[in-house]
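Data from final_36.cif: mmCIF, C-alpha atoms
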data_input
#
loop_
_atom_site.label_atom_id
_atom_site.label_comp_id
_atom_site.auth_asym_id
_atom_site.auth_seq_id
_atom_site.Cartn_x
_atom_site.Cartn_y
_atom_site.Cartn_z
CA MET A 905 -23.03 -9.80 -10.91
CA ILE A 906 -19.45 -8.61 -11.10
CA ALA A 907 -16.80 -11.34 -11.12
CA ILE A 908 -13.64 -10.43 -9.19
CA VAL A 909 -11.07 -12.69 -10.78
CA ASN A 910 -9.14 -14.71 -8.21
CA TYR A 911 -5.78 -15.67 -9.66
CA GLY A 912 -3.70 -15.70 -6.49
CA MET A 913 -2.39 -12.16 -6.91
CA GLY A 914 -3.14 -10.11 -3.86
CA ASN A 915 -5.79 -7.99 -2.45
CA LEU A 916 -9.21 -9.22 -3.58
CA ALA A 917 -10.91 -8.66 -0.24
CA SER A 918 -10.60 -4.88 -0.55
CA VAL A 919 -12.22 -4.89 -3.97
CA LYS A 920 -15.08 -7.00 -2.66
CA LYS A 921 -15.47 -4.75 0.36
CA ALA A 922 -15.73 -1.68 -1.88
CA LEU A 923 -18.36 -3.31 -4.15
CA ASP A 924 -20.28 -4.52 -1.09
CA ALA A 925 -20.27 -0.99 0.29
CA LEU A 926 -21.85 0.15 -2.99
CA SER A 927 -24.37 -2.75 -2.88
CA LEU A 928 -23.03 -4.07 -6.19
CA PRO A 929 -23.51 -7.88 -6.36
CA ASN A 930 -20.12 -9.52 -6.77
CA LEU A 931 -18.22 -12.77 -6.43
CA ILE A 932 -14.55 -13.56 -5.92
CA THR A 933 -13.97 -16.48 -8.26
CA ASP A 934 -11.68 -18.34 -10.63
CA ASN A 935 -14.52 -20.56 -11.80
CA HIS A 936 -14.99 -20.36 -15.58
CA GLU A 937 -18.78 -20.70 -15.43
CA ASP A 938 -19.04 -17.87 -12.88
CA ILE A 939 -16.93 -15.61 -15.07
CA LYS A 940 -18.99 -16.46 -18.18
CA ARG A 941 -22.18 -15.76 -16.26
CA ALA A 942 -20.95 -12.42 -14.86
CA ASP A 943 -22.17 -9.10 -16.29
CA ALA A 944 -18.82 -7.48 -15.64
CA ILE A 945 -15.29 -8.54 -14.76
CA ILE A 946 -12.70 -7.00 -12.44
CA LEU A 947 -9.08 -8.09 -12.71
CA PRO A 948 -7.37 -6.78 -9.57
CA GLY A 949 -3.95 -7.81 -8.41
CA VAL A 950 -0.63 -6.81 -6.99
CA GLY A 951 2.71 -8.44 -7.60
CA SER A 952 4.92 -9.30 -10.52
CA PHE A 953 3.75 -9.17 -14.17
CA HIS A 954 5.25 -12.50 -15.13
CA GLN A 955 3.84 -14.25 -12.05
CA GLY A 956 0.44 -12.72 -12.78
CA MET A 957 0.39 -14.08 -16.35
CA GLN A 958 1.63 -17.45 -15.12
CA ASN A 959 -1.18 -17.62 -12.58
CA LEU A 960 -3.80 -16.68 -15.21
CA GLU A 961 -2.46 -19.39 -17.52
CA ASP A 962 -2.41 -22.00 -14.74
CA ARG A 963 -6.13 -21.37 -14.20
CA GLY A 964 -6.95 -21.41 -17.91
CA LEU A 965 -8.05 -17.78 -17.67
CA VAL A 966 -6.05 -16.14 -20.48
CA GLY A 967 -8.27 -17.46 -23.28
CA LEU A 968 -11.46 -17.21 -21.25
CA LEU A 969 -10.96 -13.57 -20.22
CA THR A 970 -9.94 -12.61 -23.75
CA GLU A 971 -13.12 -14.23 -25.11
CA GLU A 972 -15.36 -12.55 -22.52
CA VAL A 973 -13.80 -9.10 -22.82
CA LEU A 974 -12.59 -8.77 -26.42
CA VAL A 975 -15.18 -10.92 -28.22
CA LYS A 976 -18.27 -10.72 -25.99
CA LYS A 977 -17.39 -7.12 -25.06
CA LYS A 978 -18.16 -7.64 -21.39
CA GLN A 979 -17.59 -4.61 -19.18
CA PHE A 980 -14.09 -4.85 -17.71
CA LEU A 981 -12.08 -3.09 -15.01
CA GLY A 982 -8.39 -3.76 -14.43
CA ILE A 983 -6.76 -2.45 -11.26
CA CYS A 984 -3.00 -1.97 -10.74
CA LEU A 985 -1.38 -5.21 -11.94
CA GLY A 986 -4.76 -5.97 -13.53
CA MET A 987 -4.31 -2.87 -15.67
CA GLN A 988 -0.73 -3.72 -16.57
CA LEU A 989 -1.59 -7.28 -17.66
CA ILE A 990 -3.96 -6.10 -20.41
CA PHE A 991 -0.99 -4.66 -22.30
CA LYS A 992 0.91 -6.59 -24.94
CA HIS A 993 4.34 -6.62 -23.30
CA GLY A 994 5.64 -6.78 -19.74
CA THR A 995 9.18 -6.46 -18.43
CA GLU A 996 8.82 -7.63 -14.82
CA PRO A 997 11.14 -9.28 -13.95
CA TYR A 998 12.09 -9.92 -17.61
CA PRO A 999 10.41 -9.37 -20.99
CA CYS A 1000 7.22 -11.44 -21.30
CA ALA A 1001 3.82 -11.39 -23.01
CA GLY A 1002 0.70 -9.92 -21.41
CA LEU A 1003 -2.96 -10.40 -22.35
CA GLY A 1004 -2.34 -8.06 -25.26
CA TRP A 1005 -5.71 -6.30 -25.40
CA ILE A 1006 -4.00 -2.92 -25.65
CA ASP A 1007 -0.80 -2.26 -27.58
CA GLY A 1008 2.02 -1.13 -25.38
CA THR A 1009 4.65 -2.09 -22.85
CA VAL A 1010 4.83 -1.97 -19.07
CA ILE A 1011 8.21 -0.66 -17.92
CA LYS A 1012 9.97 0.13 -14.66
CA PHE A 1013 10.31 3.66 -13.32
CA GLU A 1014 13.80 4.76 -14.16
CA ASP A 1015 16.14 5.55 -11.31
CA GLY A 1016 15.75 9.20 -10.70
CA LYS A 1017 15.59 11.52 -7.80
CA LEU A 1018 12.14 10.38 -6.72
CA ARG A 1019 11.50 7.36 -4.56
CA VAL A 1020 10.37 4.06 -6.07
CA PRO A 1021 7.80 2.51 -5.63
CA HIS A 1022 5.56 5.47 -6.42
CA MET A 1023 3.58 5.13 -3.21
CA GLY A 1024 0.85 7.33 -1.83
CA TRP A 1025 -1.94 9.72 -2.80
CA ASN A 1026 -1.38 11.58 -6.03
CA THR A 1027 -3.60 13.87 -8.10
CA ILE A 1028 -4.63 12.53 -11.48
CA VAL A 1029 -4.62 14.63 -14.62
CA PRO A 1030 -7.81 13.71 -16.51
CA VAL A 1031 -7.47 13.24 -20.28
CA MET A 1032 -10.93 11.81 -21.02
CA GLU A 1033 -13.25 14.31 -19.38
CA ASN A 1034 -16.23 11.97 -19.71
CA VAL A 1035 -14.43 9.21 -17.78
CA PHE A 1036 -13.00 11.54 -15.15
CA PRO A 1037 -15.41 14.47 -14.91
CA HIS A 1038 -14.88 17.15 -12.31
CA ASP A 1039 -16.35 15.16 -9.42
CA LEU A 1040 -14.07 12.16 -10.09
CA ASN A 1041 -10.95 14.25 -10.43
CA GLY A 1042 -8.65 14.33 -7.40
CA ASP A 1043 -6.27 12.27 -5.30
CA TYR A 1044 -6.15 8.49 -5.71
CA TYR A 1045 -3.89 5.95 -4.00
CA PHE A 1046 -0.99 4.64 -6.08
CA ILE A 1047 1.52 1.92 -5.25
CA HIS A 1048 3.61 0.68 -8.17
CA THR A 1049 7.13 0.25 -9.47
CA TYR A 1050 6.19 -0.33 -13.13
CA HIS A 1051 3.98 1.78 -15.38
CA ALA A 1052 2.24 1.24 -18.71
CA VAL A 1053 3.28 2.97 -21.92
CA PRO A 1054 0.53 2.55 -24.56
CA GLU A 1055 1.47 2.76 -28.25
CA ASN A 1056 -1.64 4.77 -29.00
CA SER A 1057 -2.08 7.75 -26.69
CA LYS A 1058 -5.80 7.80 -27.55
CA VAL A 1059 -6.43 5.08 -24.94
CA VAL A 1060 -5.12 7.24 -22.08
CA ALA A 1061 -7.99 8.28 -19.79
CA ALA A 1062 -5.85 9.98 -17.13
CA LYS A 1063 -2.24 10.66 -16.32
CA VAL A 1064 -0.34 11.32 -13.11
CA ASN A 1065 2.82 13.28 -12.45
CA TYR A 1066 5.66 11.18 -11.11
CA MET A 1067 9.02 11.62 -12.77
CA GLY A 1068 7.17 13.13 -15.70
CA GLU A 1069 3.63 12.27 -16.74
CA VAL A 1070 2.82 8.57 -16.61
CA VAL A 1071 -0.39 6.73 -17.39
CA ALA A 1072 -2.86 6.56 -14.50
CA SER A 1073 -5.81 5.10 -16.40
CA VAL A 1074 -6.72 3.73 -19.83
CA LYS A 1075 -10.06 3.26 -21.56
CA GLN A 1076 -10.76 1.47 -24.81
CA ASP A 1077 -14.36 0.51 -25.62
CA ASN A 1078 -15.57 -1.81 -22.83
CA ILE A 1079 -12.12 -1.94 -21.23
CA PHE A 1080 -11.32 0.44 -18.39
CA ALA A 1081 -8.30 0.20 -16.16
CA THR A 1082 -6.59 2.18 -13.44
CA GLN A 1083 -3.01 2.06 -12.19
CA PHE A 1084 -4.24 3.47 -8.88
CA HIS A 1085 -6.45 1.60 -6.42
CA PRO A 1086 -10.03 2.96 -6.43
CA GLU A 1087 -10.92 0.41 -3.74
CA LYS A 1088 -8.30 2.04 -1.48
CA SER A 1089 -9.08 5.64 -2.39
CA GLN A 1090 -11.86 6.24 0.11
CA LYS A 1091 -14.88 8.28 -1.03
CA LEU A 1092 -13.43 9.30 -4.38
CA GLY A 1093 -12.52 5.70 -5.24
CA LEU A 1094 -15.98 4.45 -4.29
CA ALA A 1095 -17.53 7.21 -6.41
CA LEU A 1096 -15.46 6.12 -9.42
CA LEU A 1097 -16.47 2.46 -8.99
CA SER A 1098 -20.07 3.49 -8.56
CA ALA A 1099 -20.01 5.65 -11.69
CA TYR A 1100 -18.41 2.92 -13.80
CA PHE A 1101 -20.63 0.05 -12.69
CA GLN A 1102 -23.89 1.95 -12.29
CA GLY A 1103 -26.63 -0.02 -13.96
CA HIS A 1104 -24.27 -2.73 -15.21
CA ALA A 1105 -24.32 -5.15 -12.32
CA MET B 1227 1.66 15.99 -7.12
CA LEU B 1228 2.42 13.23 -4.63
CA LYS B 1229 1.05 14.10 -1.21
CA LEU B 1230 2.84 13.59 2.06
CA ARG B 1231 1.42 10.54 3.82
CA ILE B 1232 0.27 11.29 7.38
CA ILE B 1233 -0.23 7.87 8.98
CA PRO B 1234 -1.64 7.00 12.40
CA ILE B 1235 0.03 3.93 13.89
CA LEU B 1236 -2.03 1.67 16.14
CA THR B 1237 -0.01 -0.56 18.45
CA PHE B 1238 -1.76 -3.55 19.90
CA ASN B 1239 -0.95 -5.98 22.74
CA GLY B 1240 -3.19 -8.85 21.68
CA PHE B 1241 -6.24 -7.45 23.51
CA ALA B 1242 -6.29 -3.67 23.30
CA LEU B 1243 -4.46 -0.75 21.78
CA VAL B 1244 -1.48 0.31 23.88
CA LYS B 1245 1.13 3.01 23.58
CA THR B 1246 4.68 2.68 24.85
CA LYS B 1247 7.40 5.15 25.86
CA GLN B 1248 10.84 4.20 24.56
CA PHE B 1249 9.34 0.77 23.97
CA GLY B 1250 8.40 0.33 27.66
CA ASN B 1251 5.42 1.07 29.93
CA PRO B 1252 2.58 0.10 27.59
CA ARG B 1253 -0.51 2.19 28.39
CA MET B 1254 -3.99 1.14 27.27
CA VAL B 1255 -5.44 3.59 24.78
CA GLY B 1256 -8.56 1.99 23.35
CA ASN B 1257 -10.38 -0.45 21.14
CA PRO B 1258 -8.78 -1.19 17.76
CA VAL B 1259 -11.95 -1.59 15.68
CA GLN B 1260 -13.56 1.60 17.01
CA THR B 1261 -10.34 3.51 16.49
CA ALA B 1262 -10.01 2.25 12.91
CA ARG B 1263 -13.61 3.34 12.26
CA VAL B 1264 -12.86 6.84 13.51
CA TYR B 1265 -9.74 7.13 11.37
CA ASN B 1266 -11.62 5.93 8.30
CA ALA B 1267 -14.34 8.50 8.92
CA ARG B 1268 -11.65 11.14 9.21
CA GLY B 1269 -10.24 10.08 5.84
CA VAL B 1270 -6.68 9.41 6.99
CA ASP B 1271 -4.15 8.62 4.26
CA GLU B 1272 -3.20 5.18 5.48
CA LEU B 1273 -3.21 3.12 8.67
CA VAL B 1274 -0.49 0.98 10.25
CA PHE B 1275 -1.56 -1.66 12.78
CA LEU B 1276 1.15 -3.46 14.74
CA ASP B 1277 0.87 -6.23 17.30
CA ILE B 1278 4.02 -5.20 19.15
CA PHE B 1279 4.13 -8.23 21.43
CA ALA B 1280 3.37 -10.99 18.92
CA SER B 1281 7.00 -11.82 18.18
CA THR B 1282 8.32 -11.76 21.75
CA GLN B 1283 5.31 -13.71 23.02
CA GLN B 1284 5.60 -16.05 20.03
CA ARG B 1285 1.95 -15.49 19.22
CA LYS B 1286 0.25 -15.57 15.84
CA LEU B 1287 -1.72 -12.49 14.87
CA ASN B 1288 -5.42 -12.51 15.72
CA LEU B 1289 -6.76 -12.68 12.16
CA LYS B 1290 -10.39 -12.31 13.22
CA LEU B 1291 -9.72 -9.04 15.00
CA ILE B 1292 -7.41 -7.75 12.29
CA GLY B 1293 -10.04 -8.62 9.71
CA ASP B 1294 -12.53 -6.52 11.69
CA VAL B 1295 -10.06 -3.62 11.76
CA ILE B 1296 -9.44 -3.85 8.00
CA LYS B 1297 -13.20 -4.00 7.31
CA GLU B 1298 -13.47 -0.47 8.68
CA CYS B 1299 -10.80 0.89 6.35
CA PHE B 1300 -11.29 2.17 2.80
CA MET B 1301 -7.70 3.31 2.71
CA PRO B 1302 -4.47 1.32 2.62
CA VAL B 1303 -3.67 -0.70 5.72
CA ALA B 1304 -0.34 -2.19 6.74
CA ILE B 1305 -0.32 -4.96 9.34
CA GLY B 1306 2.63 -6.22 11.37
CA GLY B 1307 3.55 -8.48 14.26
CA GLY B 1308 4.96 -11.99 14.50
CA ILE B 1309 5.11 -12.60 10.75
CA ASN B 1310 7.32 -15.66 10.20
CA THR B 1311 6.09 -17.51 7.13
CA LEU B 1312 4.80 -16.92 3.62
CA GLU B 1313 1.50 -18.33 4.88
CA ASP B 1314 1.34 -15.59 7.55
CA ILE B 1315 1.73 -12.98 4.82
CA ASN B 1316 -0.80 -14.66 2.58
CA ASP B 1317 -3.33 -14.86 5.44
CA LEU B 1318 -3.08 -11.10 5.96
CA LEU B 1319 -3.30 -10.23 2.26
CA GLN B 1320 -6.33 -12.54 1.95
CA ILE B 1321 -8.26 -10.59 4.59
CA GLY B 1322 -7.47 -7.31 2.88
CA ALA B 1323 -4.13 -6.06 4.18
CA ASP B 1324 -2.29 -4.03 1.56
CA LYS B 1325 1.12 -4.32 3.13
CA VAL B 1326 2.71 -6.39 5.84
CA VAL B 1327 5.27 -4.98 8.24
CA ILE B 1328 8.11 -7.30 9.16
CA LYS B 1329 10.75 -6.69 11.82
CA ALA B 1330 12.11 -9.64 13.82
CA LYS B 1331 12.06 -12.11 10.94
CA ALA B 1332 13.85 -9.63 8.67
CA LEU B 1333 16.65 -9.31 11.24
CA SER B 1334 17.11 -13.06 11.60
CA ASP B 1335 16.45 -14.22 8.05
CA ALA B 1336 17.05 -11.90 5.09
CA LEU B 1337 16.55 -14.79 2.68
CA PHE B 1338 12.96 -15.07 3.86
CA ILE B 1339 12.41 -11.42 2.93
CA LYS B 1340 13.84 -12.07 -0.51
CA GLU B 1341 11.46 -14.98 -0.97
CA ALA B 1342 8.51 -12.92 0.30
CA VAL B 1343 9.29 -10.14 -2.17
CA ARG B 1344 9.56 -12.59 -5.03
CA PHE B 1345 6.26 -14.21 -4.07
CA PHE B 1346 4.10 -11.20 -3.21
CA GLY B 1347 5.92 -8.29 -4.86
CA SER B 1348 8.03 -5.64 -3.18
CA GLN B 1349 5.14 -3.18 -2.86
CA CYS B 1350 3.52 -5.13 -0.03
CA ILE B 1351 6.64 -5.86 2.03
CA SER B 1352 7.39 -3.07 4.53
CA ILE B 1353 10.34 -3.43 6.85
CA ALA B 1354 10.27 -1.96 10.37
CA ILE B 1355 13.54 -0.60 11.71
CA ASP B 1356 13.73 0.27 15.40
CA ALA B 1357 17.01 2.12 15.69
CA SER B 1358 18.89 3.46 18.70
CA PRO B 1359 22.12 5.43 18.78
CA SER B 1360 25.26 4.15 20.40
CA GLU B 1361 28.70 5.74 20.22
CA GLY B 1362 27.83 7.85 17.20
CA LYS B 1363 26.26 5.05 15.15
CA TYR B 1364 22.76 3.64 14.85
CA PHE B 1365 21.98 0.06 15.76
CA ILE B 1366 19.02 -2.30 15.80
CA LYS B 1367 18.59 -4.75 18.65
CA GLN B 1368 17.73 -8.27 17.57
CA ASN B 1369 14.71 -9.65 19.41
CA GLU B 1370 15.64 -11.44 22.64
CA ALA B 1371 19.27 -11.72 21.57
CA LYS B 1372 21.61 -9.04 22.84
CA GLU B 1373 23.29 -8.88 19.46
CA LEU B 1374 23.25 -5.54 17.67
CA ILE B 1375 23.28 -4.98 13.93
CA SER B 1376 24.18 -1.62 12.46
CA VAL B 1377 21.36 0.16 10.63
CA GLY B 1378 23.65 0.55 7.60
CA ASP B 1379 24.36 -3.18 7.36
CA PHE B 1380 20.70 -4.04 7.79
CA ILE B 1381 19.57 -1.60 5.08
CA ASP B 1382 22.18 -3.11 2.75
CA GLN B 1383 20.62 -6.53 3.27
CA MET B 1384 17.10 -5.24 2.74
CA GLU B 1385 18.03 -3.25 -0.37
CA ASP B 1386 19.39 -6.47 -1.81
CA CYS B 1387 15.93 -7.99 -1.19
CA ASP B 1388 14.21 -5.07 -2.96
CA VAL B 1389 11.66 -4.42 -0.19
CA GLY B 1390 8.86 -1.90 -0.71
CA GLU B 1391 9.40 0.64 2.07
CA TYR B 1392 10.92 1.22 5.49
CA ILE B 1393 9.07 2.16 8.65
CA LEU B 1394 11.85 3.84 10.56
CA ASN B 1395 11.41 4.33 14.30
CA ALA B 1396 13.86 5.97 16.67
CA THR B 1397 13.38 3.92 19.86
CA HIS B 1398 14.83 6.64 22.08
CA HIS B 1399 12.23 9.09 20.71
CA ASP B 1400 9.30 6.61 20.97
CA GLY B 1401 6.45 8.17 22.93
CA MET B 1402 8.60 11.11 24.08
CA MET B 1403 6.71 13.63 21.91
CA ASN B 1404 9.64 16.02 21.70
CA GLY B 1405 10.44 15.83 18.00
CA PHE B 1406 11.94 13.44 15.45
CA ASP B 1407 15.51 12.14 15.23
CA LEU B 1408 16.34 14.02 12.05
CA ASP B 1409 19.91 12.69 11.95
CA LEU B 1410 18.68 9.11 11.88
CA ILE B 1411 16.13 9.90 9.17
CA ASN B 1412 18.68 11.69 6.99
CA PHE B 1413 21.21 8.91 7.54
CA VAL B 1414 18.76 6.25 6.32
CA SER B 1415 17.52 8.48 3.46
CA GLY B 1416 21.07 8.51 2.19
CA LEU B 1417 21.12 4.71 2.02
CA THR B 1418 17.95 4.04 0.04
CA ASN B 1419 15.67 5.39 -2.66
CA LYS B 1420 12.65 3.51 -1.26
CA PRO B 1421 9.83 5.26 0.59
CA ILE B 1422 10.56 5.84 4.28
CA VAL B 1423 7.89 6.34 6.95
CA ALA B 1424 9.52 8.41 9.69
CA VAL B 1425 8.33 7.44 13.18
CA GLY B 1426 9.05 8.45 16.74
CA GLY B 1427 8.78 11.73 18.55
CA ALA B 1428 5.88 13.77 17.17
CA GLY B 1429 4.24 15.84 19.89
CA ASN B 1430 2.77 18.78 18.00
CA PRO B 1431 2.12 19.84 14.38
CA ALA B 1432 5.29 21.96 14.29
CA HIS B 1433 7.37 18.78 14.67
CA PHE B 1434 5.99 17.57 11.34
CA VAL B 1435 6.92 20.84 9.63
CA THR B 1436 10.45 20.47 11.01
CA LEU B 1437 10.58 16.88 9.78
CA PHE B 1438 9.56 17.62 6.21
CA THR B 1439 11.64 20.80 6.05
CA ASN B 1440 14.83 19.04 7.07
CA THR B 1441 14.51 15.60 5.45
CA THR B 1442 13.45 14.16 2.08
CA VAL B 1443 10.95 11.64 3.47
CA GLU B 1444 7.35 11.80 2.23
CA ALA B 1445 5.59 9.82 4.94
CA VAL B 1446 5.27 9.99 8.70
CA GLY B 1447 3.77 7.61 11.21
CA SER B 1448 2.68 8.63 14.70
CA ALA B 1449 0.72 7.30 17.65
CA SER B 1450 1.18 9.25 20.89
CA ILE B 1451 0.22 12.64 19.46
CA TYR B 1452 -3.15 11.27 18.35
CA HIS B 1453 -3.76 9.38 21.62
CA PHE B 1454 -2.55 11.93 24.16
CA THR B 1455 -3.09 15.39 22.65
CA GLN B 1456 -6.03 17.17 21.05
CA TYR B 1457 -4.30 17.07 17.64
CA THR B 1458 -5.74 14.92 14.84
CA PRO B 1459 -4.13 13.96 11.52
CA LEU B 1460 -6.15 16.81 9.98
CA ASP B 1461 -4.55 19.36 12.32
CA VAL B 1462 -1.15 18.08 11.25
CA LYS B 1463 -2.08 18.38 7.57
CA LEU B 1464 -3.48 21.89 7.95
CA GLU B 1465 -0.23 23.00 9.59
CA LEU B 1466 1.78 21.38 6.78
CA LYS B 1467 -0.39 23.00 4.14
CA LYS B 1468 0.07 26.36 5.79
CA ASN B 1469 3.80 25.83 5.40
CA GLY B 1470 3.52 25.00 1.71
CA PHE B 1471 3.69 21.20 1.81
CA PRO B 1472 1.44 19.01 -0.39
CA VAL B 1473 -1.17 17.18 1.68
CA ARG B 1474 -4.47 15.52 0.91
CA LEU B 1475 -7.34 17.29 2.65
#

Structure rendered as structure tokens:
Amino acid sequence: MIAIVNYGMGNLASVKKALDALSLPNLITDNHEDIKRADAIILPGVGSFHQGMQNLEDRGLVGLLTEEVLVKKKQFLGICLGMQLIFKHGTEPYPCAGLGWIDGTVIKFEDGKLRVPHMGWNTIVPVMENVFPHDLNGDYYFIHTYHAVPENSKVVAAKVNYMGEVVASVKQDNIFATQFHPEKSQKLGLALLSAYFQGHA
Amino acid sequence: MLKLRIIPILTFNGFALVKTKQFGNPRMVGNPVQTARVYNARGVDELVFLDIFASTQQRKLNLKLIGDVIKECFMPVAIGGGINTLEDINDLLQIGADKVVIKAKALSDALFIKEAVRFFGSQCISIAIDASPSEGKYFIKQNEAKELISVGDFIDQMEDCDVGEYILNATHHDGMMNGFDLDLINFVSGLTNKPIVAVGGAGNPAHFVTLFTNTTVEAVGSASIYHFTQYTPLDVKLELKKNGFPVRL
């Protein structure tokens, strides 16, 4: 069973719908026993970094998720805000601490000539060919104002071009995360979820 | 490269899909759930679903029906109509909406928009602007009230709230299918760096080429062309691609 962590930050129903469509058993939950019992964990979420951390803390989930993912090495997927929160530092709306599983900072797109938020379908640039092989390369749906800057570029699984190359996905051991929304990226997104969770749910 | 977003807009009267002309004469055009299913199968970039009478009829959105519409969609969906409270927004996000579209409440209560952005994040708060020209300027009519607010003043207020995007409709072009109001779109583009969905006036694929050639917007929303002509979003994209624009096929 895949636990979709409910911490009051946005669109959980779409993640569930995508997993249901793939016949992957799943549960939207903030219950600690459910999360401990799960084979894999998805941290979705939209909204502000600081609010997201606050909500995880209020539910006692910071320590629990860290234990399950970093110590027990449970398979993990972070989506959008759920990817940003696994970094050490956030800046939205002011500097604050994240879960800290990956070294780096989440910063705002600088004012430039492109529109912000970065919103719409954009083509990823795969870095880890095993994570994003040919059939998972293509257009995914992005909607974000902040982006992650890892300290170690070795964790970058894919990039995307928007005011220069920014991080679209990271992978470190059992931790995988995407800035884009696979659950909103139609067939390609479903294929990515299917590939990642195949045999692990 | 970021692709242009080609978005069908479904307008709803509480029972069925309808399409207006210059915001009048609603004509029935079909069943919302079936239509959403077709658009999902066609792989459209995004879908906007608006209950255009919810505010004036002081109705709440039909969450059951909207939930059924969203269930059909594996692409982003924006929902609007009669949104007045944070609970309304939360209800829609809970059933899988990615964005909410707010019009009347934004005109009457900018502070509410600020609060909504702080609570849910700017990315899910889309603001609908229905603009009409008068004596060389663009105005928005407040619901029911006769009072007009200039588009410039309204955008100023919304920029201060840090909303996520604007869905910009030219009311005098609504349903007319004779092309977009490029002046309006360029005027608003000059006031904001947020994404703008240009709406109102598409009647054939060439209109979209004209739009993207003469403005800096990256998204377009349309209804009549998909209801009343043989053209589909794919036809629009193929024409854009032929003219060198980035689209997702």

Between B:Ile1393, B:Ile1309, B:Met1227, B:Leu1318, single out the one closest to chain A, counting only C-alpha atoms.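 Counting only C-alpha atoms, the residue closest to chain A is B:Met1227.
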
Which chain B residues are at most 7 Å from chain A (counting all atoms listed in the file), as JSON, numbers by chain? {"B": [1227, 1228, 1229, 1231, 1300, 1301, 1302, 1319, 1320, 1321, 1322, 1324, 1346, 1347, 1349, 1390, 1419, 1420, 1421]}

Hey, what comes out of the PyMOL selection byres ((chain B and resi 1461) around 12) on this file? Could you write it as a ChimeraX atom specification? /B:1232,1268,1270,1430-1432,1434-1435,1451-1452,1455-1460,1462-1468,1473,1475

With 5 Å of padding per side, what axis-aligned box (centre and edge lengths, Å, one decimal) covers all the listed atoms of stretch 915-932 of chain A? Give it as AutoDock Vina command-line options.
--center_x -15.1 --center_y -6.7 --center_z -3.2 --size_x 28.6 --size_y 23.7 --size_z 17.1

Test item: which residues lie within 10 Å of (-2.5, 15.2, -19.7) counting only C-alpha atoms, as a PyMOL selection string: chain A and resi 1028-1032+1060-1065+1069-1071

Result set, the PyMOL selection byres ((chain B and resi 1416) around 12) on current file, as a PDB file with C-alpha atoms, in the frame of the given file:
ATOM      1  CA  LYS A1017      15.590  11.520  -7.800  1.00  0.00           C
ATOM      2  CA  ARG A1019      11.500   7.360  -4.560  1.00  0.00           C
TER       3      ARG A1019
ATOM      4  CA  VAL B1377      21.360   0.160  10.630  1.00  0.00           C
ATOM      5  CA  GLY B1378      23.650   0.550   7.600  1.00  0.00           C
ATOM      6  CA  ILE B1381      19.570  -1.600   5.080  1.00  0.00           C
ATOM      7  CA  ASP B1382      22.180  -3.110   2.750  1.00  0.00           C
ATOM      8  CA  ASP B1409      19.910  12.690  11.950  1.00  0.00           C
ATOM      9  CA  LEU B1410      18.680   9.110  11.880  1.00  0.00           C
ATOM     10  CA  ILE B1411      16.130   9.900   9.170  1.00  0.00           C
ATOM     11  CA  ASN B1412      18.680  11.690   6.990  1.00  0.00           C
ATOM     12  CA  PHE B1413      21.210   8.910   7.540  1.00  0.00           C
ATOM     13  CA  VAL B1414      18.760   6.250   6.320  1.00  0.00           C
ATOM     14  CA  SER B1415      17.520   8.480   3.460  1.00  0.00           C
ATOM     15  CA  LEU B1417      21.120   4.710   2.020  1.00  0.00           C
ATOM     16  CA  THR B1418      17.950   4.040   0.040  1.00  0.00           C
ATOM     17  CA  ASN B1419      15.670   5.390  -2.660  1.00  0.00           C
ATOM     18  CA  LYS B1420      12.650   3.510  -1.260  1.00  0.00           C
ATOM     19  CA  PRO B1421       9.830   5.260   0.590  1.00  0.00           C
ATOM     20  CA  ILE B1422      10.560   5.840   4.280  1.00  0.00           C
ATOM     21  CA  THR B1441      14.510  15.600   5.450  1.00  0.00           C
ATOM     22  CA  THR B1442      13.450  14.160   2.080  1.00  0.00           C
ATOM     23  CA  VAL B1443      10.950  11.640   3.470  1.00  0.00           C
TER      24      VAL B1443
END

Check what the PyMOL selection byres ((chain A and resi 1000-1007) around 7) selects in the file above and give those residues as a list of chain:residue names. A:His954, A:Met957, A:Val966, A:Leu989, A:Ile990, A:Phe991, A:Lys992, A:His993, A:Gly994, A:Thr995, A:Tyr998, A:Pro999, A:Gly1008, A:Pro1054, A:Glu1055

Taking the point (20.0, -12.7, 13.6) as given in the file, collect each protein or nucleic acid residue that comes within 8 Å of it, counting only C-alpha atoms, and present the set as a ChimeraX atom specification. /B:1333-1335,1368,1373

Nearest candidate to A:Val1010 (options A:Val1053, A:Val1035, A:Leu1040, A:Leu968; using only C-alpha atoms):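 Looking at the shortest contact to A:Val1010, the residue is A:Val1053.
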
For atom CA of B:His1399 and atom CA of B:Ile1366, determine how far apart the two atoms are, in Å to one decimal place. 14.1 Å

Excluding B:Ile1351 and residues on its chain fewer than 3 positions from it, collect all residues at most 8 Å away from it, counting only C-alpha atoms, and give them as a list in words.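 Non-adjacent residues within range: Lys1325, Val1326, Val1327, Ile1328, Ala1342, Val1343, Phe1346, Gly1347, Ser1348, Val1389, Gly1390 and Glu1391 of chain B.
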
Give me, please, the distance in Å between atom CA of B:Asn1288 and atom CA of B:Cys1350, quoted to one decimal.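 That distance, rounded to one decimal, is 19.6 Å.
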
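Our summary of the geometry notes that atom CA of B:Ala1445 is positioned 21.0 Å from atom CA of A:Gly1068.
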
Measuring atom to atom with only C-alpha atoms, identify which of B:Ser1352, B:Asn1404, B:Ser1376, B:Asn1469 is nearest to B:Val1423.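 That would be B:Ser1352, the residue with the smallest distance to B:Val1423.
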